[in-house]
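Peer 1: Data file protein.cif (mmCIF, C-alpha atoms) is appended below.
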data_query
#
loop_
_atom_site.label_atom_id
_atom_site.label_comp_id
_atom_site.auth_asym_id
_atom_site.auth_seq_id
_atom_site.Cartn_x
_atom_site.Cartn_y
_atom_site.Cartn_z
CA MET A 1 -18.61 -15.81 1.99
CA SER A 2 -17.32 -17.71 -1.01
CA ALA A 3 -16.05 -21.22 -0.32
CA HIS A 4 -13.29 -20.82 -2.89
CA SER A 5 -11.87 -17.60 -1.42
CA SER A 6 -8.41 -17.97 0.08
CA LEU A 7 -9.36 -16.94 3.62
CA ALA A 8 -12.87 -18.37 3.85
CA GLY A 9 -13.57 -19.33 7.46
CA THR A 10 -10.84 -17.05 8.85
CA ARG A 11 -11.94 -14.47 11.42
CA VAL A 12 -9.85 -11.35 12.00
CA ILE A 13 -10.52 -8.80 14.73
CA GLU A 14 -9.28 -5.43 13.50
CA LEU A 15 -8.54 -2.56 15.89
CA THR A 16 -6.97 0.02 13.62
CA HIS A 17 -6.99 3.56 12.33
CA ALA A 18 -5.63 5.64 9.44
CA ILE A 19 -4.06 3.58 6.59
CA SER A 20 -1.56 0.83 7.39
CA GLY A 21 -3.84 -1.23 9.65
CA PRO A 22 -7.12 -0.71 7.75
CA GLN A 23 -5.43 -1.39 4.40
CA CYS A 24 -4.04 -4.68 5.73
CA GLY A 25 -7.49 -5.65 7.03
CA GLN A 26 -9.03 -4.78 3.67
CA ILE A 27 -6.59 -7.09 1.88
CA LEU A 28 -7.70 -9.92 4.17
CA ALA A 29 -11.38 -9.08 3.63
CA ASP A 30 -10.89 -9.01 -0.15
CA HIS A 31 -9.72 -12.61 0.09
CA GLY A 32 -12.64 -13.84 2.14
CA ALA A 33 -11.71 -13.26 5.78
CA ASP A 34 -14.47 -12.19 8.16
CA VAL A 35 -12.88 -8.92 9.27
CA ILE A 36 -14.63 -7.40 12.26
CA LYS A 37 -13.59 -3.78 12.61
CA VAL A 38 -13.84 -2.70 16.25
CA GLU A 39 -14.36 1.06 16.41
CA PRO A 40 -14.51 3.40 19.42
CA PRO A 41 -17.68 5.33 20.25
CA GLY A 42 -18.17 7.83 17.45
CA GLY A 43 -16.21 5.70 15.01
CA GLU A 44 -12.66 5.68 13.73
CA LEU A 45 -11.31 9.22 13.29
CA ALA A 46 -10.46 8.53 9.63
CA ARG A 47 -14.20 8.47 8.86
CA GLU A 48 -13.84 12.26 8.78
CA ALA A 49 -10.47 12.36 7.01
CA TYR A 50 -9.78 14.31 3.84
CA PRO A 51 -10.03 14.14 0.90
CA GLN A 52 -13.81 14.19 0.90
CA LEU A 53 -16.52 14.20 -1.76
CA ASN A 54 -19.93 15.58 -0.82
CA SER A 55 -18.78 15.85 2.80
CA GLU A 56 -17.83 12.17 3.05
CA SER A 57 -14.35 10.72 3.40
CA VAL A 58 -12.92 9.11 0.28
CA TYR A 59 -9.87 8.35 2.42
CA PHE A 60 -11.88 6.04 4.71
CA SER A 61 -13.65 4.29 1.85
CA CYS A 62 -10.32 3.44 0.21
CA HIS A 63 -9.25 1.20 3.11
CA ASN A 64 -12.34 -0.33 4.72
CA ARG A 65 -14.50 -2.19 2.21
CA GLY A 66 -15.85 -5.65 2.91
CA LYS A 67 -15.61 -5.45 6.71
CA ARG A 68 -18.16 -5.65 9.50
CA SER A 69 -18.15 -2.72 11.93
CA ILE A 70 -18.93 -2.92 15.61
CA VAL A 71 -18.56 -0.24 18.25
CA LEU A 72 -17.03 -1.05 21.63
CA ASP A 73 -15.81 1.26 24.36
CA LEU A 74 -12.76 -0.71 25.45
CA LYS A 75 -12.27 1.52 28.47
CA THR A 76 -15.33 -0.13 30.02
CA PRO A 77 -15.14 -3.64 31.54
CA GLY A 78 -18.25 -4.90 29.76
CA ASP A 79 -17.11 -3.97 26.27
CA LEU A 80 -13.57 -5.20 26.97
CA GLN A 81 -15.10 -8.54 27.91
CA ILE A 82 -16.94 -8.60 24.58
CA LEU A 83 -13.62 -8.08 22.82
CA HIS A 84 -12.13 -10.95 24.82
CA ASP A 85 -15.05 -13.16 23.78
CA LEU A 86 -14.49 -12.19 20.16
CA VAL A 87 -10.81 -13.12 20.43
CA LYS A 88 -11.77 -16.60 21.65
CA SER A 89 -13.63 -17.11 18.35
CA ALA A 90 -10.97 -15.52 16.15
CA ASP A 91 -7.91 -16.62 14.21
CA ALA A 92 -6.10 -13.29 14.21
CA VAL A 93 -6.05 -9.81 15.69
CA LEU A 94 -4.73 -6.82 13.75
CA THR A 95 -3.83 -3.41 15.14
CA ASN A 96 -1.72 -0.37 14.34
CA TYR A 97 -2.37 1.56 17.53
CA THR A 98 0.60 3.06 19.39
CA VAL A 99 2.93 0.42 20.74
CA ASP A 100 1.63 0.12 24.33
CA VAL A 101 -2.06 0.89 23.74
CA PRO A 102 -3.19 -2.77 23.54
CA ARG A 103 -1.44 -3.68 26.79
CA ARG A 104 -2.73 -0.60 28.62
CA LEU A 105 -6.32 -1.24 27.53
CA GLY A 106 -6.26 -4.93 28.43
CA TRP A 107 -5.84 -6.63 25.07
CA GLY A 108 -2.09 -7.01 24.66
CA PHE A 109 -0.75 -10.20 23.09
CA GLU A 110 0.05 -11.82 26.44
CA VAL A 111 -3.60 -11.42 27.50
CA LEU A 112 -4.94 -12.59 24.14
CA LYS A 113 -2.91 -15.77 24.00
CA GLU A 114 -4.19 -16.71 27.46
CA LEU A 115 -7.70 -16.40 26.05
CA ASN A 116 -6.84 -18.18 22.80
CA PRO A 117 -3.45 -19.98 22.67
CA SER A 118 -3.57 -20.25 18.87
CA ILE A 119 -4.28 -16.56 18.26
CA VAL A 120 -2.10 -14.66 15.82
CA MET A 121 -1.62 -10.95 16.47
CA ALA A 122 -0.11 -8.48 13.99
CA HIS A 123 0.94 -5.12 15.40
CA ILE A 124 2.10 -2.40 13.00
CA THR A 125 4.05 0.38 14.70
CA GLY A 126 6.47 3.01 13.51
CA PHE A 127 9.60 1.36 14.82
CA GLY A 128 8.62 -2.08 16.07
CA SER A 129 7.61 -3.21 19.54
CA THR A 130 11.16 -3.59 20.88
CA GLY A 131 14.27 -1.45 20.83
CA PRO A 132 15.11 2.10 21.91
CA ASP A 133 12.83 3.80 19.36
CA ARG A 134 9.69 1.81 20.18
CA ASP A 135 7.94 4.75 21.89
CA LEU A 136 8.55 7.29 19.14
CA ARG A 137 5.45 8.47 17.30
CA ALA A 138 5.37 7.95 13.57
CA LEU A 139 3.50 9.21 10.54
CA ASP A 140 4.07 8.23 6.92
CA GLY A 141 6.22 11.31 6.24
CA ILE A 142 8.42 10.65 9.27
CA ILE A 143 8.98 7.06 8.18
CA GLN A 144 9.80 8.14 4.63
CA ALA A 145 12.24 10.73 5.93
CA MET A 146 14.05 8.31 8.25
CA SER A 147 14.20 5.45 5.72
CA GLY A 148 17.02 6.96 3.69
CA VAL A 149 15.01 6.83 0.47
CA PRO A 150 14.39 10.61 0.13
CA SER A 151 18.13 11.28 0.44
CA PHE A 152 18.66 9.96 -3.08
CA SER A 153 15.30 11.06 -4.48
CA GLY A 154 14.94 14.45 -6.16
CA THR A 155 18.06 16.30 -7.32
CA ARG A 156 20.98 18.14 -5.73
CA GLU A 157 19.07 21.37 -6.37
CA SER A 158 15.74 20.20 -4.96
CA GLY A 159 17.10 18.42 -1.93
CA PRO A 160 15.41 15.29 -0.53
CA ILE A 161 11.95 14.55 -1.97
CA LEU A 162 9.25 12.51 -0.25
CA ALA A 163 6.61 10.65 -2.25
CA ALA A 164 3.31 12.55 -2.28
CA ALA A 165 1.39 9.29 -1.82
CA PHE A 166 1.41 7.56 1.59
CA VAL A 167 3.80 4.90 0.35
CA ALA A 168 5.27 3.94 3.73
CA ASP A 169 1.81 3.22 5.16
CA HIS A 170 0.91 1.00 2.22
CA VAL A 171 4.19 -0.92 2.20
CA ALA A 172 3.73 -1.64 5.93
CA SER A 173 0.20 -2.90 5.25
CA TYR A 174 1.49 -5.36 2.65
CA HIS A 175 4.24 -6.61 4.97
CA ALA A 176 1.66 -7.06 7.73
CA ALA A 177 -0.66 -9.02 5.42
CA LEU A 178 2.23 -11.21 4.34
CA GLY A 179 3.34 -11.74 7.95
CA LEU A 180 -0.19 -12.70 8.93
CA MET A 181 -0.34 -15.21 6.07
CA PHE A 182 2.87 -16.85 7.27
CA ALA A 183 1.59 -16.98 10.85
CA LEU A 184 -1.85 -18.30 9.85
CA TYR A 185 -0.26 -20.96 7.66
CA ARG A 186 1.80 -22.14 10.65
CA GLN A 187 -1.27 -21.91 12.87
CA LYS A 188 -3.22 -24.25 10.60
CA ALA A 189 -0.33 -26.72 10.49
CA THR A 190 0.62 -26.72 14.19
CA GLY A 191 -2.08 -24.90 16.16
CA GLU A 192 0.59 -22.44 17.27
CA GLY A 193 -0.20 -18.74 17.56
CA GLY A 194 2.30 -15.93 17.28
CA PHE A 195 3.09 -12.24 17.37
CA VAL A 196 3.77 -10.51 14.04
CA ASP A 197 5.83 -7.43 14.83
CA ILE A 198 5.80 -5.00 11.87
CA SER A 199 8.05 -1.94 11.87
CA MET A 200 6.95 0.67 9.35
CA LEU A 201 10.52 1.96 9.16
CA ASN A 202 12.04 -1.43 8.39
CA SER A 203 9.26 -2.17 5.91
CA TYR A 204 9.77 1.01 3.93
CA ALA A 205 13.57 1.02 4.15
CA SER A 206 13.55 -2.43 2.55
CA VAL A 207 12.72 -0.84 -0.81
CA SER A 208 16.18 0.79 -0.82
CA ALA A 209 17.94 -2.58 -0.82
CA HIS A 210 20.62 -1.62 -3.35
CA ALA A 211 21.36 1.71 -1.70
CA ILE A 212 21.86 0.33 1.80
CA GLY A 213 24.81 -1.89 0.90
CA THR A 214 26.65 0.69 -1.16
CA SER A 215 25.98 3.51 1.31
CA VAL A 216 27.34 1.59 4.27
CA ALA A 217 30.41 0.81 2.15
CA GLY A 218 30.94 4.55 1.64
CA GLU A 219 29.39 4.96 -1.82
CA PRO A 220 25.92 6.47 -1.32
CA PRO A 221 23.70 6.92 -4.38
CA GLU A 222 23.40 10.41 -5.83
CA PRO A 223 20.05 12.17 -6.22
CA LEU A 224 19.60 12.13 -10.00
CA GLY A 225 15.97 13.10 -10.37
CA ASN A 226 14.18 10.65 -12.66
CA ARG A 227 17.40 9.25 -14.05
CA ILE A 228 18.29 5.65 -13.29
CA ALA A 229 21.91 5.73 -12.18
CA SER A 230 23.01 2.22 -13.12
CA SER A 231 21.12 1.78 -16.40
CA PHE A 232 19.64 3.98 -19.09
CA GLY A 233 16.27 5.35 -18.09
CA ASN A 234 14.77 8.79 -17.66
CA THR A 235 11.73 10.97 -18.31
CA PHE A 236 11.48 12.97 -21.54
CA GLN A 237 9.17 15.76 -22.68
CA ALA A 238 6.69 14.74 -25.37
CA SER A 239 4.42 17.14 -27.26
CA ASP A 240 1.53 16.45 -24.86
CA GLY A 241 3.19 15.47 -21.62
CA ILE A 242 6.05 13.36 -20.33
CA VAL A 243 7.16 9.78 -20.97
CA PHE A 244 9.55 7.46 -19.19
CA LEU A 245 11.63 5.20 -21.40
CA SER A 246 14.34 2.72 -20.58
CA PRO A 247 16.19 0.68 -23.23
CA ILE A 248 18.07 -1.46 -20.71
CA GLY A 249 21.01 -3.51 -21.96
CA THR A 250 23.08 -3.53 -25.14
CA VAL A 251 20.53 -5.42 -27.26
CA LYS A 252 17.64 -3.08 -26.41
CA TRP A 253 19.90 -0.04 -26.74
CA GLU A 254 20.77 -0.98 -30.32
CA LYS A 255 17.08 -1.55 -31.13
CA PHE A 256 16.25 1.80 -29.54
CA CYS A 257 18.83 3.56 -31.73
CA HIS A 258 17.09 2.21 -34.83
CA ALA A 259 13.64 3.07 -33.44
CA ILE A 260 14.50 6.77 -33.12
CA GLY A 261 16.43 6.94 -36.41
CA ARG A 262 19.88 7.11 -34.85
CA GLN A 263 21.41 4.05 -36.44
CA ASP A 264 24.79 5.77 -36.09
CA TRP A 265 24.58 5.39 -32.32
CA ALA A 266 24.29 1.63 -32.64
CA SER A 267 27.93 1.58 -33.75
CA ASP A 268 29.30 4.84 -32.34
CA VAL A 269 27.65 5.07 -28.89
CA SER A 270 27.92 1.98 -26.71
CA TYR A 271 25.31 1.28 -24.06
CA GLU A 272 27.87 1.97 -21.34
CA SER A 273 28.76 5.31 -22.95
CA ALA A 274 25.08 6.23 -23.09
CA ILE A 275 24.85 5.70 -19.34
CA TYR A 276 28.06 7.44 -18.36
CA GLU A 277 30.38 9.52 -20.60
CA MET A 278 27.85 10.64 -23.23
CA ARG A 279 24.63 10.68 -21.22
CA ASP A 280 23.95 14.42 -21.27
CA TYR A 281 24.40 14.56 -25.06
CA VAL A 282 22.30 11.42 -25.67
CA GLU A 283 19.45 12.64 -23.47
CA ARG A 284 19.36 16.03 -25.23
CA GLU A 285 19.01 14.27 -28.57
CA ILE A 286 16.29 11.96 -27.29
CA ASN A 287 14.41 14.95 -25.87
CA GLN A 288 14.39 16.52 -29.34
CA TRP A 289 13.01 13.30 -30.84
CA CYS A 290 10.29 13.07 -28.17
CA ALA A 291 9.33 16.75 -28.25
CA ILE A 292 7.65 16.53 -31.67
CA ARG A 293 5.72 13.34 -30.89
CA SER A 294 2.81 12.59 -28.57
CA ARG A 295 3.11 10.20 -25.66
CA LEU A 296 1.00 7.65 -27.54
CA GLU A 297 3.15 7.93 -30.68
CA ILE A 298 6.33 7.40 -28.67
CA LYS A 299 4.83 4.47 -26.81
CA GLU A 300 3.67 2.80 -30.04
CA VAL A 301 6.96 3.30 -31.89
CA LEU A 302 9.04 1.92 -29.04
CA ALA A 303 6.61 -0.95 -28.45
CA GLU A 304 7.32 -2.18 -31.99
CA TYR A 305 10.96 -2.55 -31.00
CA GLY A 306 10.26 -4.03 -27.57
CA ILE A 307 11.54 -0.97 -25.70
CA PRO A 308 9.99 -0.34 -22.25
CA CYS A 309 8.17 2.98 -22.32
CA GLY A 310 5.18 4.50 -20.57
CA PRO A 311 3.48 7.87 -20.24
CA VAL A 312 3.64 9.81 -16.98
CA GLN A 313 -0.07 9.75 -16.16
CA SER A 314 -2.33 11.65 -13.81
CA PRO A 315 -4.40 9.63 -11.32
CA ALA A 316 -7.44 10.21 -13.54
CA GLU A 317 -5.61 8.92 -16.63
CA TYR A 318 -4.51 5.81 -14.75
CA ALA A 319 -8.02 5.18 -13.39
CA ASN A 320 -9.76 5.71 -16.71
CA HIS A 321 -7.35 3.35 -18.45
CA ALA A 322 -7.83 0.73 -15.73
CA ILE A 323 -11.60 0.97 -16.16
CA GLU A 324 -11.44 0.86 -19.97
CA THR A 325 -9.18 -2.20 -19.96
CA ASP A 326 -11.04 -3.91 -17.09
CA SER A 327 -7.71 -4.55 -15.37
CA GLY A 328 -9.18 -4.70 -11.86
CA GLY A 329 -6.90 -1.87 -10.79
CA VAL A 330 -9.89 0.30 -9.91
CA VAL A 331 -13.18 -0.81 -8.39
CA GLU A 332 -16.39 0.87 -7.26
CA VAL A 333 -17.31 0.80 -3.58
CA ARG A 334 -20.46 1.96 -1.83
CA SER A 335 -19.63 4.42 0.92
CA PRO A 336 -21.33 4.41 4.35
CA ALA A 337 -23.65 7.17 3.12
CA GLY A 338 -24.45 5.30 -0.10
CA GLN A 339 -22.21 7.18 -2.50
CA THR A 340 -20.18 5.37 -5.14
CA PHE A 341 -16.44 5.96 -5.02
CA LEU A 342 -13.72 4.69 -7.31
CA VAL A 343 -10.84 3.21 -5.30
CA PRO A 344 -7.83 0.95 -5.96
CA GLY A 345 -8.75 -2.70 -6.39
CA PRO A 346 -7.28 -5.81 -4.71
CA VAL A 347 -3.53 -6.12 -5.00
CA ALA A 348 -3.53 -9.90 -5.57
CA PRO A 349 -6.41 -11.26 -7.67
CA VAL A 350 -6.12 -14.83 -6.38
CA GLY A 351 -8.75 -16.39 -4.13
CA LEU A 352 -10.92 -13.29 -3.89
CA THR A 353 -14.29 -13.53 -2.21
CA ASP A 354 -17.45 -13.16 -4.28
CA ASP A 355 -19.45 -11.94 -1.29
CA PRO A 356 -21.64 -9.09 -2.58
CA ASN A 357 -20.66 -7.03 0.47
CA ARG A 358 -16.98 -7.02 -0.52
CA PHE A 359 -17.51 -3.61 -2.17
CA VAL A 360 -19.47 -2.10 0.71
CA VAL A 361 -17.87 0.18 3.32
CA PRO A 362 -19.70 -0.30 6.64
CA GLN A 363 -21.50 2.36 8.60
CA ILE A 364 -20.34 3.00 12.17
CA GLY A 365 -21.38 0.04 14.31
CA GLU A 366 -23.57 -1.34 11.52
CA HIS A 367 -22.93 -4.95 12.54
CA THR A 368 -22.76 -4.61 16.33
CA ALA A 369 -26.03 -6.42 17.06
CA GLU A 370 -25.26 -9.09 14.45
CA VAL A 371 -21.81 -9.88 15.85
CA LEU A 372 -23.02 -9.87 19.47
CA ALA A 373 -25.79 -12.30 18.54
CA GLU A 374 -23.15 -14.64 17.11
CA LEU A 375 -21.49 -14.56 20.52
CA GLY A 376 -24.81 -15.32 22.21
CA ILE A 377 -25.01 -11.85 23.72
CA THR A 378 -28.43 -10.26 23.60
CA ARG A 379 -28.48 -6.57 24.24
CA GLU A 380 -29.84 -3.62 22.34
CA GLN A 381 -27.40 -1.61 20.24
CA THR A 382 -26.18 1.19 22.48
CA VAL A 383 -25.54 4.84 21.77
CA HIS A 384 -22.01 3.74 20.93
CA ASP A 385 -23.27 2.38 17.64
CA GLY A 386 -24.11 5.69 16.05
#
Would you mind giving the structure from this file in structure tokens?
Peer 2:
Amino acid sequence: MSAHSSLAGTRVIELTHAISGPQCGQILADHGADVIKVEPPGGELAREAYPQLNSESVYFSCHNRGKRSIVLDLKTPGDLQILHDLVKSADAVLTNYTVDVPRRLGWGFEVLKELNPSIVMAHITGFGSTGPDRDLRALDGIIQAMSGVPSFSGTRESGPILAAAFVADHVASYHAALGLMFALYRQKATGEGGFVDISMLNSYASVSAHAIGTSVAGEPPEPLGNRIASSFGNTFQASDGIVFLSPIGTVKWEKFCHAIGRQDWASDVSYESAIYEMRDYVEREINQWCAIRSRLEIKEVLAEYGIPCGPVQSPAEYANHAIETDSGGVVEVRSPAGQTFLVPGPVAPVGLTDDPNRFVVPQIGEHTAEVLAELGITREQTVHDG
């Protein structure tokens, strides 16, 4: 573990599955935390999740690099005791199991803080650990649906549109990582532990900040497709795909008019008119200008004038560009079976660990004997470990 990494010397016990919990743990591992992933016998179910390449889960490898894996059957007293011993040596515990699972299995926060008064525990659930909805089951799509965001996504014709990516899971993971950082910072200053209660619904709904206030006041946003309602921005068809462009504000609008050869608009079409009264006409004209140019041509012309513009890319286009520019947006990881997968890189490139294992996704129970030895427990790896 690198001494300069942000979380060097921090131990996190992770009991998670799917995306939101594992992704949060991976963020901590990227920044130097010793993340010990506690898996049930047979391993976390997401080890078999799709999509797969060569019969191995890409899904799992996207969210579990840089961790150590141990297998414990927490329904047995002996393995539960091992977890308790681990908690005594830890700074934080992370889980996204159903709201009452930790308490029922003997590792709820009240138990953990008796074992370690300074422990921090982050629990990601669909609707938080308190309130009337606490027991409802949640998946990413349910959270997206209930957040209000899809109601103004899409168009009137299409109806509500959910993001195809698991955005709600990822947003919750970032909120959990941030909450853990706040709690760990306080822990270092005061020795005080704490419970970090993360609601996936509240986390995802927070992205609709502008819409919440106006909707409650009786003015909900309209579903306008890719149009930005309050400023000029939309997607346009180029000769080889689609671009998004957005000359926001009067100054950029006037520059944009010159960029596309419509100097007449600079005097005849105000920015406000382009957004409201004349928008349909203006967008038709811009579509004609874009249609005979490639995405790259459009991007380069508008870049000369300082106009925000970008191509609508496929995942492969994004990944290839990230690799070519060495942006850190995509990294290679070694899967449990030894394959190399391309996955998204760390979200915050500050204080990253330089541990060579940071890009390795652990096999099921790979580190069980190692971690038990650190606790002074000497027993052979059991059948749980495979």
Peer 1: Hey, can you check how far atom CA of A:Val38 sits from atom CA of A:Ile70?
Peer 2: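 Separating atom CA of A:Val38 from atom CA of A:Ile70 is a distance of 5.1 Å.
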Peer 1: Can you give me, as a list of chain:residue names, the residues this file yields under the PyMOL selection byres ((chain A and resi 152) around 6)?
Peer 2: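 With the PyMOL selection byres ((chain A and resi 152) around 6) on this model, the match is A:Val149, A:Pro150, A:Ser151, A:Ser153, A:Glu222, A:Pro223.
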Peer 1: Using all atoms listed in the file, which protein or nucleic acid residues come within 8 Å of A:Glu192? Drop anything in the same chain fewer than 5 positions from it, and give the result as an MDAnalysis selection string.
Peer 2: chainID A and resid 117:119 186:187
Peer 1: Please list, as a PyMOL selection string, the residues that have an atom at most 9 Å away from (-18.4, -15.7, 19.5) in the coordinates of this file, counting all atoms listed in the file.
Peer 2: chain A and resi 82+85-90+371-377
Peer 1: I want to know what sits within 8 Å of A:Val243, based on only C-alpha atoms, with residues of the same chain fewer than 6 positions away left out; could you give that as a VMD selection string?
Peer 2: chain A and resid 235 to 237 295 309 to 312
Peer 1: Kindly give the distance, in Å, that separates atom CA of A:Arg134 and atom CA of A:Ile36, rounded to a single decimal.
Peer 2: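 Distance reported for this atom pair: 27.2 Å.
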Peer 1: Check the smallest atom-to-atom distance from each of A:Glu114, A:Leu302, A:Ala217, A:Gly233 to A:His258 using all atoms listed in the file, then report the winner.
Peer 2: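 Between A:Glu114, A:Leu302, A:Ala217, A:Gly233, the residue approaching A:His258 most closely is A:Leu302.
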Peer 1: Decode the PyMOL selection byres ((chain A and resi 111-113) around 12) for the given file into explicit residues and return them as a PyMOL selection string.
Peer 2: chain A and resi 13+80-81+83-94+102-110+114-122+192-195
Peer 1: Now that the selection is made, can you save its residues with C-alpha atoms as a CSV table (one decimal), in the coordinates of the input?
Peer 2:
chain,number,residue,atom,x,y,z
A,13,ILE,CA,-10.5,-8.8,14.7
A,80,LEU,CA,-13.6,-5.2,27.0
A,81,GLN,CA,-15.1,-8.5,27.9
A,83,LEU,CA,-13.6,-8.1,22.8
A,84,HIS,CA,-12.1,-11.0,24.8
A,85,ASP,CA,-15.0,-13.2,23.8
A,86,LEU,CA,-14.5,-12.2,20.2
A,87,VAL,CA,-10.8,-13.1,20.4
A,88,LYS,CA,-11.8,-16.6,21.6
A,89,SER,CA,-13.6,-17.1,18.4
A,90,ALA,CA,-11.0,-15.5,16.2
A,91,ASP,CA,-7.9,-16.6,14.2
A,92,ALA,CA,-6.1,-13.3,14.2
A,93,VAL,CA,-6.0,-9.8,15.7
A,94,LEU,CA,-4.7,-6.8,13.8
A,102,PRO,CA,-3.2,-2.8,23.5
A,103,ARG,CA,-1.4,-3.7,26.8
A,104,ARG,CA,-2.7,-0.6,28.6
A,105,LEU,CA,-6.3,-1.2,27.5
A,106,GLY,CA,-6.3,-4.9,28.4
A,107,TRP,CA,-5.8,-6.6,25.1
A,108,GLY,CA,-2.1,-7.0,24.7
A,109,PHE,CA,-0.8,-10.2,23.1
A,110,GLU,CA,0.0,-11.8,26.4
A,114,GLU,CA,-4.2,-16.7,27.5
A,115,LEU,CA,-7.7,-16.4,26.0
A,116,ASN,CA,-6.8,-18.2,22.8
A,117,PRO,CA,-3.4,-20.0,22.7
A,118,SER,CA,-3.6,-20.2,18.9
A,119,ILE,CA,-4.3,-16.6,18.3
A,120,VAL,CA,-2.1,-14.7,15.8
A,121,MET,CA,-1.6,-11.0,16.5
A,122,ALA,CA,-0.1,-8.5,14.0
A,192,GLU,CA,0.6,-22.4,17.3
A,193,GLY,CA,-0.2,-18.7,17.6
A,194,GLY,CA,2.3,-15.9,17.3
A,195,PHE,CA,3.1,-12.2,17.4
Peer 1: So which one's closest to A:Thr16, A:Pro349, A:Gly141, A:Gly43, A:Pro221? Using all atoms listed in the file, please.
Peer 2: A:Gly43
Peer 1: Show me the residues around (-15.9, -4.8, 8.1) - criterion: an atom at most 12 Å away, all atoms listed in the file counted - as a VMD selection string.
Peer 2: chain A and resid 11 to 16 22 to 23 25 to 30 32 to 39 61 63 to 71 336 357 to 368 371
Peer 1: Go ahead and compute the interatomic distance for atom CA of A:Ala176 and atom CA of A:Cys24, in Å to one decimal.
Peer 2: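 For atom CA of A:Ala176 relative to atom CA of A:Cys24, the distance reads 6.5 Å.
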Peer 1: List the residues matched by the PyMOL selection byres ((chain A and resi 169) around 9) in the displayed structure as a list in words, ordered by chain and then by residue number.
Peer 2: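 Output from the PyMOL selection byres ((chain A and resi 169) around 9), applied to this file: Ala18, Ile19, Ser20, Gly21, Gln23, Leu139, Asp140, Ile143, Phe166, Val167, Ala168, His170, Val171, Ala172, Ser173, Tyr174, Met200 and Tyr204 of chain A.
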Peer 1: Of the candidates A:Pro51, A:Val58, A:His4, A:Asp268, which one gets nearest to A:Glu332 if we count only C-alpha atoms?
Peer 2: A:Val58
Peer 1: Write out as a list in words which residues come within 10 Å of A:Asp135 when counting only C-alpha atoms, dropping same-chain ones fewer than 6 positions away.
Peer 2: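 Here the qualifying residues turn out to be Thr98, Val99, Asp100, Thr125, Gly126, Phe127, Gly128 and Ser129 of chain A.
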Peer 1: I want to know what sits within 12 Å of A:Ala316, based on all atoms listed in the file, with residues of the same chain fewer than 5 positions away left out; could you give that as a list in words?
Peer 2: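 Final neighbour list, sorted by chain and number: His321, Ala322, Ile323, Val330, Leu342, Val343 and Pro344 of chain A.
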Peer 1: Point out the residue among A:Ala145, A:Ile298, A:Ile161, A:Ala138 with the least atom-to-atom distance to A:Leu224, counting all atoms listed in the file.
Peer 2: A:Ile161
Peer 1: Using all atoms listed in the file, determine which residues lie at most 10 Å from stretch 52-56 of chain A, disregarding the query and same-chain residues fewer than 5 positions distant; provide the list as a PDB file with C-alpha atoms, in the frame of the given file.
Peer 2:
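Writing done, so here's result_12.pdb:
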ATOM      1  CA  ARG A  47     -14.200   8.470   8.860  1.00  0.00           C
ATOM      2  CA  SER A  61     -13.650   4.290   1.850  1.00  0.00           C
ATOM      3  CA  SER A 335     -19.630   4.420   0.920  1.00  0.00           C
ATOM      4  CA  PRO A 336     -21.330   4.410   4.350  1.00  0.00           C
ATOM      5  CA  ALA A 337     -23.650   7.170   3.120  1.00  0.00           C
ATOM      6  CA  GLN A 339     -22.210   7.180  -2.500  1.00  0.00           C
ATOM      7  CA  PHE A 341     -16.440   5.960  -5.020  1.00  0.00           C
TER       8      PHE A 341
END
Peer 1: Just checking: using all atoms listed in the file, which residue out of A:Ile228, A:Val216, A:Val301, A:Cys290 ends up closest to A:Phe256?
Peer 2: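 Of the candidates, the smallest distance to A:Phe256 is held by A:Val301.
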